[in-house]
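One structure is given below, encoded as C-alpha cells.
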Amino acid sequence: MQKINRNVVLALLSLTSLVFLLFQLCYYKFYLSQKNGAAFSKVGGSQSGQDTRWHVVRKFLGLISSHNIPVYLIDPLILGLVDKDIEQIRSSPDGPSPECKYFCAPRDFTTFALLDKTWKHEVGLFRTAEKMGFQWLKIINKDPRLDGMDDLSGMEIPLHYIFKLASHAIHLVVFYERSGNFLWHGPLRLKQHMDRKFVPFRKLHFGRYPGAYEKPELLLVSIDDLKVQIPKNPSNFLEEMSHSRFLECRYREARAFFQLYPDDASLDAVEFRKKAKSLLHLAALTLNNLGVKFWLSSGTCLGWYRQCNVIPHSKDVDLGIFIRDYKADIIPAFQKAGLPLKHKFGKVEDSLELSFQGEDDVKLDIFFFYEEDDHIWNGGTQAKSGKKFKYLFPKFTLCWTEFVELKVHVPCETLQYVEANYGPEWKVPVKTWDWKSSPFNVQDNGVWPIDEWDNVIQIY
C-alpha cells in the first residue's frame, strides 16, 4: 500500500510539471511574443532565425535612436518586398499586417544608410553597442574629395560600420555629399589586420565598388511593427543601385601629367574652361530633364581621364548618347535653353551628329552611338563632299564620376575607350587635330547620296 501511494504521488507531480510547462509555452506564444511584436509568419528559414533577425534589427534601431542618429533602410531585399506593398504601407500607420514579413526574410545581414553630416559622436555609440551585446567593425579609407589637394590628400574617413549580434549583422553604409550635389559611398576594403570571417563580406550589397546616388526623399513607415525611414520611391532607389558604380578622377596621374606638360594657366585657357563648365552644366540639365542618358566623349572624356579637367585647346564640349535613347525633343530643348543648332549631320538611322552653339566660340557636340554585335560606333560627315566616316569603339558600360562639380557618366572601361579614339600615345597632348584623319579608330564609310544631302547635311 505504501508503494502504491508513492507511485501515485510521483505521477501527480509529473502531471503537474507537464501542465505547468504547457502553460508557460502557451503564455509565451499567445501573449509575450505578440506583445513584443514578434508574431512571425512562416517565411523561409527556421523560426529561431526569423526571431533573431527581427530582434537584432529592433535592438539596432533602439541603439541609433538613443544617440539621435537618423538612418534609413537601403537593404535591396527588403526594399524589393516593401515596394510590392508600398501603397498599403503608406496608407497604414501601423504597417500592412502584424506578421513579420520583411525583416524576417532569410538573410545574414540588414543594410542601412547614414548621412555623414548628421552624426559625429561614434565613441559613445560603440560603448552603448557593446553593452547591448553588439560586436562592431569600422572600415575607414582615404577621403577622395581631398585627393586634388596635395596638403590634405591621405586623410581617412569612416566608410562602413558593421554591428553584429548573434548570427545577424547590420551593415551601416556612410554616404557623403559631393560637390556635384549628389551622395557618394566608398568601397569596403578590409585592412590587413581585420577579421575576414567577421561577417560574410562577399554577400554585402554595398562596398564592392564606390557608388553615386541622388539625394533621396525619405518616408517614415511602420513595417513589422518597427518604425523606419525608407526612400520614398523604393523602385527608383533600386534602379539607381543597379547602375551606381562610381569612378574617381585620377588625381595622382593628373599631377604626373602636369609635371611633364605644365598646365595652361593663360587668361584664354581660364576663360575657356569657365565657359566649357557652364556649357556642360547646361547640357546636363537639359538632357537630364528629358531623361536622356549621356556620357563624356572624345576630348572631354580624355580631359577627365588624363588631367581631371577640361583640355583648354579643345574649343568644344563632347557628349555621347546611344541612338536608342534619342528623342525628337532634344533639338527644341537645347534651343529653348539658349543653344541654337549649329549643324545636324546624318539621320537617326545612320551617323547622326548634332552641334549646338554655346557662348562665344564654344560649341557642344553630341555624337550618337550605334551598337553592333561586337563593337559600338559613331559617325561623322564632311559637309563639302558628303563623305561619311565611322569611329569604332569596343563595347562599354557606363559609370558615374564627378567632373567640374557635376555628376556625370563616363565609360567604365575608360582606358579602352580613350585608346580606341586616341591610340597608345593618348598621354601626349596634341594641339593640331584633324577629325577626319587624326583619330586612331576612324574609317571611311562611303558617301551620302546627293539626293539626301538636304536632309543629312544641315548647317545653320
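Chain labels follow the order of the C-alpha cells: the first chain is A, the next B, and so on; residue numbering restarts at 1 in every chain, and ligands are counted from 1 in their shown order.
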What are the nearest atom pairs, with distances in Å to one decimal, for all residues of range 188-275 of chain A that come at most 9 Å from range 308-316 of chain A, using only C-alpha atoms, set out by chain and rising residue number as a Markdown table?
| residue | atom | partner | partner_atom | distance |
| --- | --- | --- | --- | --- |
| A:Cys249 | CA | A:Cys308 | CA | 5.9 |
| A:Arg250 | CA | A:Cys308 | CA | 6.8 |
| A:Tyr251 | CA | A:Cys308 | CA | 6.7 |
| A:Ala254 | CA | A:Cys308 | CA | 6.3 |
| A:Asp264 | CA | A:Pro312 | CA | 7.2 |
| A:Asp268 | CA | A:Pro312 | CA | 8.2 |
| A:Ala269 | CA | A:Pro312 | CA | 5.1 |
| A:Val270 | CA | A:Pro312 | CA | 7.7 |
| A:Glu271 | CA | A:Pro312 | CA | 9.0 |
| A:Phe272 | CA | A:Pro312 | CA | 6.3 |
| A:Arg273 | CA | A:Val310 | CA | 6.0 |
Save the residues we just selected, N, CA, C and O atoms, as a PDB file, in the first residue's frame?
ATOM      1  N   CYS A 249      38.176  60.529 -60.368  1.00  0.00           N
ATOM      2  CA  CYS A 249      39.178  61.127 -61.237  1.00  0.00           C
ATOM      3  C   CYS A 249      40.567  60.689 -60.757  1.00  0.00           C
ATOM      4  O   CYS A 249      40.789  60.502 -59.558  1.00  0.00           O
ATOM      5  N   ARG A 250      41.496  60.525 -61.683  1.00  0.00           N
ATOM      6  CA  ARG A 250      42.825  60.002 -61.354  1.00  0.00           C
ATOM      7  C   ARG A 250      43.780  61.172 -61.046  1.00  0.00           C
ATOM      8  O   ARG A 250      44.636  61.529 -61.837  1.00  0.00           O
ATOM      9  N   TYR A 251      43.654  61.720 -59.834  1.00  0.00           N
ATOM     10  CA  TYR A 251      44.416  62.913 -59.479  1.00  0.00           C
ATOM     11  C   TYR A 251      45.921  62.663 -59.465  1.00  0.00           C
ATOM     12  O   TYR A 251      46.702  63.541 -59.854  1.00  0.00           O
ATOM     13  N   ALA A 254      47.052  62.734 -62.926  1.00  0.00           N
ATOM     14  CA  ALA A 254      46.938  64.099 -63.453  1.00  0.00           C
ATOM     15  C   ALA A 254      48.117  64.959 -62.986  1.00  0.00           C
ATOM     16  O   ALA A 254      48.668  65.749 -63.774  1.00  0.00           O
ATOM     17  N   ASP A 264      48.121  74.944 -68.802  1.00  0.00           N
ATOM     18  CA  ASP A 264      47.953  76.260 -69.414  1.00  0.00           C
ATOM     19  C   ASP A 264      47.128  77.129 -68.473  1.00  0.00           C
ATOM     20  O   ASP A 264      45.932  76.889 -68.265  1.00  0.00           O
ATOM     21  N   ASP A 268      43.107  83.105 -71.580  1.00  0.00           N
ATOM     22  CA  ASP A 268      42.246  82.438 -72.560  1.00  0.00           C
ATOM     23  C   ASP A 268      41.852  81.041 -72.093  1.00  0.00           C
ATOM     24  O   ASP A 268      40.698  80.624 -72.250  1.00  0.00           O
ATOM     25  N   ALA A 269      42.820  80.304 -71.537  1.00  0.00           N
ATOM     26  CA  ALA A 269      42.546  78.944 -71.055  1.00  0.00           C
ATOM     27  C   ALA A 269      41.568  78.966 -69.883  1.00  0.00           C
ATOM     28  O   ALA A 269      40.640  78.149 -69.813  1.00  0.00           O
ATOM     29  N   VAL A 270      41.777  79.895 -68.965  1.00  0.00           N
ATOM     30  CA  VAL A 270      40.882  80.013 -67.811  1.00  0.00           C
ATOM     31  C   VAL A 270      39.469  80.359 -68.271  1.00  0.00           C
ATOM     32  O   VAL A 270      38.475  79.784 -67.788  1.00  0.00           O
ATOM     33  N   GLU A 271      39.357  81.290 -69.228  1.00  0.00           N
ATOM     34  CA  GLU A 271      38.042  81.691 -69.734  1.00  0.00           C
ATOM     35  C   GLU A 271      37.351  80.535 -70.454  1.00  0.00           C
ATOM     36  O   GLU A 271      36.146  80.319 -70.289  1.00  0.00           O
ATOM     37  N   PHE A 272      38.123  79.789 -71.262  1.00  0.00           N
ATOM     38  CA  PHE A 272      37.513  78.683 -71.982  1.00  0.00           C
ATOM     39  C   PHE A 272      36.994  77.625 -71.016  1.00  0.00           C
ATOM     40  O   PHE A 272      35.881  77.098 -71.187  1.00  0.00           O
ATOM     41  N   ARG A 273      37.792  77.266 -70.008  1.00  0.00           N
ATOM     42  CA  ARG A 273      37.358  76.254 -69.048  1.00  0.00           C
ATOM     43  C   ARG A 273      36.104  76.709 -68.308  1.00  0.00           C
ATOM     44  O   ARG A 273      35.212  75.896 -68.035  1.00  0.00           O
TER      45      ARG A 273
END
Requested in this report: Extract the full set of helix (DSSP H, G or I) residues from range 99-346 of chain A according to DSSP on the backbone, and format it as an MDAnalysis selection string.
Outcome: chainID A and resid 116:118 122:131 144:146 201:203 234:242 251:260 267:290 298:307 323:325 330:336
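Counting from CA of Leu354 in chain A, the distance to CA of Tyr370 in chain A is 14.8 Å.
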- Please identify all polymer residues within 10 Å of range 405-408 of chain A, counting only C-alpha atoms, omitting same-chain residues fewer than 6 positions from it, and present them as a PyMOL selection string. chain A and resi 178-183+212-214+246+277+280-281+284+293-296+398-399
Contacts of Val221 in chain A within 12 Å, only C-alpha atoms, excl. fewer than 3 positions in-chain, as a ChimeraX atom specification
/A:72-73,82,85-96,218,224-232
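Taking CA of Phe206 in chain A and CA of Arg53 in chain A as endpoints, the distance between them is 19.3 Å.
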Which of range 80-167 of chain A end up as strand (DSSP E or B) when DSSP is run on this backbone - answer as JSON, numbers by chain? {"A": [100, 109, 110, 111, 112, 113, 114, 115, 135, 136, 137, 138, 139, 140, 141, 142, 156, 157, 158, 159, 160, 161, 162, 163, 164, 165]}
Taking only residues of range 336-395 of chain A that have an atom at most 9 Å from an atom of range 321-326 of chain A, what is each one's shortest atom pair and its distance in Å to one decimal, using only C-alpha atoms, in chain and number order, as JSON lines?
{"residue": "A:Val348", "atom": "CA", "partner": "A:Ile323", "partner_atom": "CA", "distance": 7.2}
{"residue": "A:Glu349", "atom": "CA", "partner": "A:Ile323", "partner_atom": "CA", "distance": 8.4}
{"residue": "A:Leu352", "atom": "CA", "partner": "A:Ile323", "partner_atom": "CA", "distance": 8.2}
{"residue": "A:Ile366", "atom": "CA", "partner": "A:Ile321", "partner_atom": "CA", "distance": 7.2}
{"residue": "A:Phe367", "atom": "CA", "partner": "A:Ile321", "partner_atom": "CA", "distance": 6.3}
{"residue": "A:Phe368", "atom": "CA", "partner": "A:Ile321", "partner_atom": "CA", "distance": 4.9}
{"residue": "A:Phe369", "atom": "CA", "partner": "A:Phe322", "partner_atom": "CA", "distance": 4.7}
{"residue": "A:Tyr370", "atom": "CA", "partner": "A:Ile323", "partner_atom": "CA", "distance": 5.9}
{"residue": "A:Glu371", "atom": "CA", "partner": "A:Phe322", "partner_atom": "CA", "distance": 8.0}
File dump, residues just selected, all heavy atoms, as an mmCIF file, in the first residue's frame:
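Generated file (out.cif):
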data_model
loop_
_atom_site.group_PDB
_atom_site.id
_atom_site.type_symbol
_atom_site.label_atom_id
_atom_site.label_comp_id
_atom_site.auth_asym_id
_atom_site.auth_seq_id
_atom_site.Cartn_x
_atom_site.Cartn_y
_atom_site.Cartn_z
ATOM 1 N N VAL A 348 18.712 59.638 -87.963
ATOM 2 C CA VAL A 348 18.576 58.744 -86.814
ATOM 3 C C VAL A 348 19.038 57.337 -87.161
ATOM 4 O O VAL A 348 19.676 56.658 -86.350
ATOM 5 C CB VAL A 348 17.116 58.732 -86.307
ATOM 6 C CG1 VAL A 348 16.946 57.697 -85.198
ATOM 7 C CG2 VAL A 348 16.711 60.114 -85.816
ATOM 8 N N GLU A 349 18.786 56.887 -88.370
ATOM 9 C CA GLU A 349 19.143 55.526 -88.762
ATOM 10 C C GLU A 349 20.645 55.364 -89.028
ATOM 11 O O GLU A 349 21.148 54.244 -89.068
ATOM 12 C CB GLU A 349 18.392 55.111 -90.041
ATOM 13 C CG GLU A 349 16.881 55.092 -89.907
ATOM 14 C CD GLU A 349 16.270 56.492 -90.020
ATOM 15 O OE1 GLU A 349 16.965 57.405 -90.528
ATOM 16 O OE2 GLU A 349 15.114 56.678 -89.575
ATOM 17 N N LEU A 352 24.054 59.937 -86.987
ATOM 18 C CA LEU A 352 23.506 61.206 -86.502
ATOM 19 C C LEU A 352 24.518 61.935 -85.618
ATOM 20 O O LEU A 352 25.174 61.338 -84.769
ATOM 21 C CB LEU A 352 22.214 60.957 -85.725
ATOM 22 C CG LEU A 352 21.489 62.209 -85.217
ATOM 23 C CD1 LEU A 352 21.028 63.066 -86.386
ATOM 24 C CD2 LEU A 352 20.308 61.827 -84.333
ATOM 25 N N ILE A 366 27.283 66.624 -79.906
ATOM 26 C CA ILE A 366 26.641 65.411 -79.399
ATOM 27 C C ILE A 366 26.744 64.335 -80.475
ATOM 28 O O ILE A 366 26.231 64.499 -81.592
ATOM 29 C CB ILE A 366 25.166 65.664 -79.037
ATOM 30 C CG1 ILE A 366 25.061 66.731 -77.938
ATOM 31 C CG2 ILE A 366 24.516 64.363 -78.572
ATOM 32 C CD1 ILE A 366 23.640 67.031 -77.509
ATOM 33 N N PHE A 367 27.441 63.255 -80.130
ATOM 34 C CA PHE A 367 27.624 62.136 -81.047
ATOM 35 C C PHE A 367 26.707 60.988 -80.638
ATOM 36 O O PHE A 367 26.656 60.634 -79.450
ATOM 37 C CB PHE A 367 29.083 61.670 -81.028
ATOM 38 C CG PHE A 367 30.070 62.769 -81.324
ATOM 39 C CD1 PHE A 367 30.787 63.367 -80.300
ATOM 40 C CD2 PHE A 367 30.264 63.219 -82.620
ATOM 41 C CE1 PHE A 367 31.697 64.392 -80.568
ATOM 42 C CE2 PHE A 367 31.169 64.232 -82.895
ATOM 43 C CZ PHE A 367 31.884 64.822 -81.867
ATOM 44 N N PHE A 368 26.007 60.421 -81.600
ATOM 45 C CA PHE A 368 25.101 59.310 -81.320
ATOM 46 C C PHE A 368 25.790 57.995 -81.705
ATOM 47 O O PHE A 368 26.375 57.879 -82.789
ATOM 48 C CB PHE A 368 23.786 59.491 -82.064
ATOM 49 C CG PHE A 368 22.964 60.613 -81.497
ATOM 50 C CD1 PHE A 368 23.158 61.927 -81.931
ATOM 51 C CD2 PHE A 368 22.031 60.369 -80.496
ATOM 52 C CE1 PHE A 368 22.423 62.964 -81.390
ATOM 53 C CE2 PHE A 368 21.297 61.415 -79.956
ATOM 54 C CZ PHE A 368 21.486 62.711 -80.397
ATOM 55 N N PHE A 369 25.694 57.024 -80.793
ATOM 56 C CA PHE A 369 26.430 55.768 -80.929
ATOM 57 C C PHE A 369 25.493 54.616 -81.293
ATOM 58 O O PHE A 369 24.406 54.486 -80.719
ATOM 59 C CB PHE A 369 27.180 55.457 -79.630
ATOM 60 C CG PHE A 369 28.420 56.294 -79.442
ATOM 61 C CD1 PHE A 369 28.342 57.667 -79.226
ATOM 62 C CD2 PHE A 369 29.675 55.715 -79.493
ATOM 63 C CE1 PHE A 369 29.471 58.444 -79.071
ATOM 64 C CE2 PHE A 369 30.824 56.463 -79.334
ATOM 65 C CZ PHE A 369 30.721 57.837 -79.122
ATOM 66 N N TYR A 370 25.984 53.788 -82.217
ATOM 67 C CA TYR A 370 25.219 52.660 -82.744
ATOM 68 C C TYR A 370 25.901 51.360 -82.309
ATOM 69 O O TYR A 370 27.122 51.234 -82.410
ATOM 70 C CB TYR A 370 25.142 52.743 -84.266
ATOM 71 C CG TYR A 370 24.452 54.001 -84.753
ATOM 72 C CD1 TYR A 370 25.125 55.229 -84.747
ATOM 73 C CD2 TYR A 370 23.137 53.978 -85.198
ATOM 74 C CE1 TYR A 370 24.501 56.392 -85.180
ATOM 75 C CE2 TYR A 370 22.506 55.132 -85.633
ATOM 76 C CZ TYR A 370 23.189 56.337 -85.615
ATOM 77 O OH TYR A 370 22.563 57.490 -86.044
ATOM 78 N N GLU A 371 25.099 50.412 -81.838
ATOM 79 C CA GLU A 371 25.646 49.173 -81.288
ATOM 80 C C GLU A 371 25.533 48.032 -82.287
ATOM 81 O O GLU A 371 24.462 47.747 -82.807
ATOM 82 C CB GLU A 371 24.911 48.807 -79.988
ATOM 83 C CG GLU A 371 25.577 47.698 -79.207
ATOM 84 C CD GLU A 371 25.029 47.574 -77.795
ATOM 85 O OE1 GLU A 371 24.130 48.367 -77.426
ATOM 86 O OE2 GLU A 371 25.501 46.696 -77.056
#
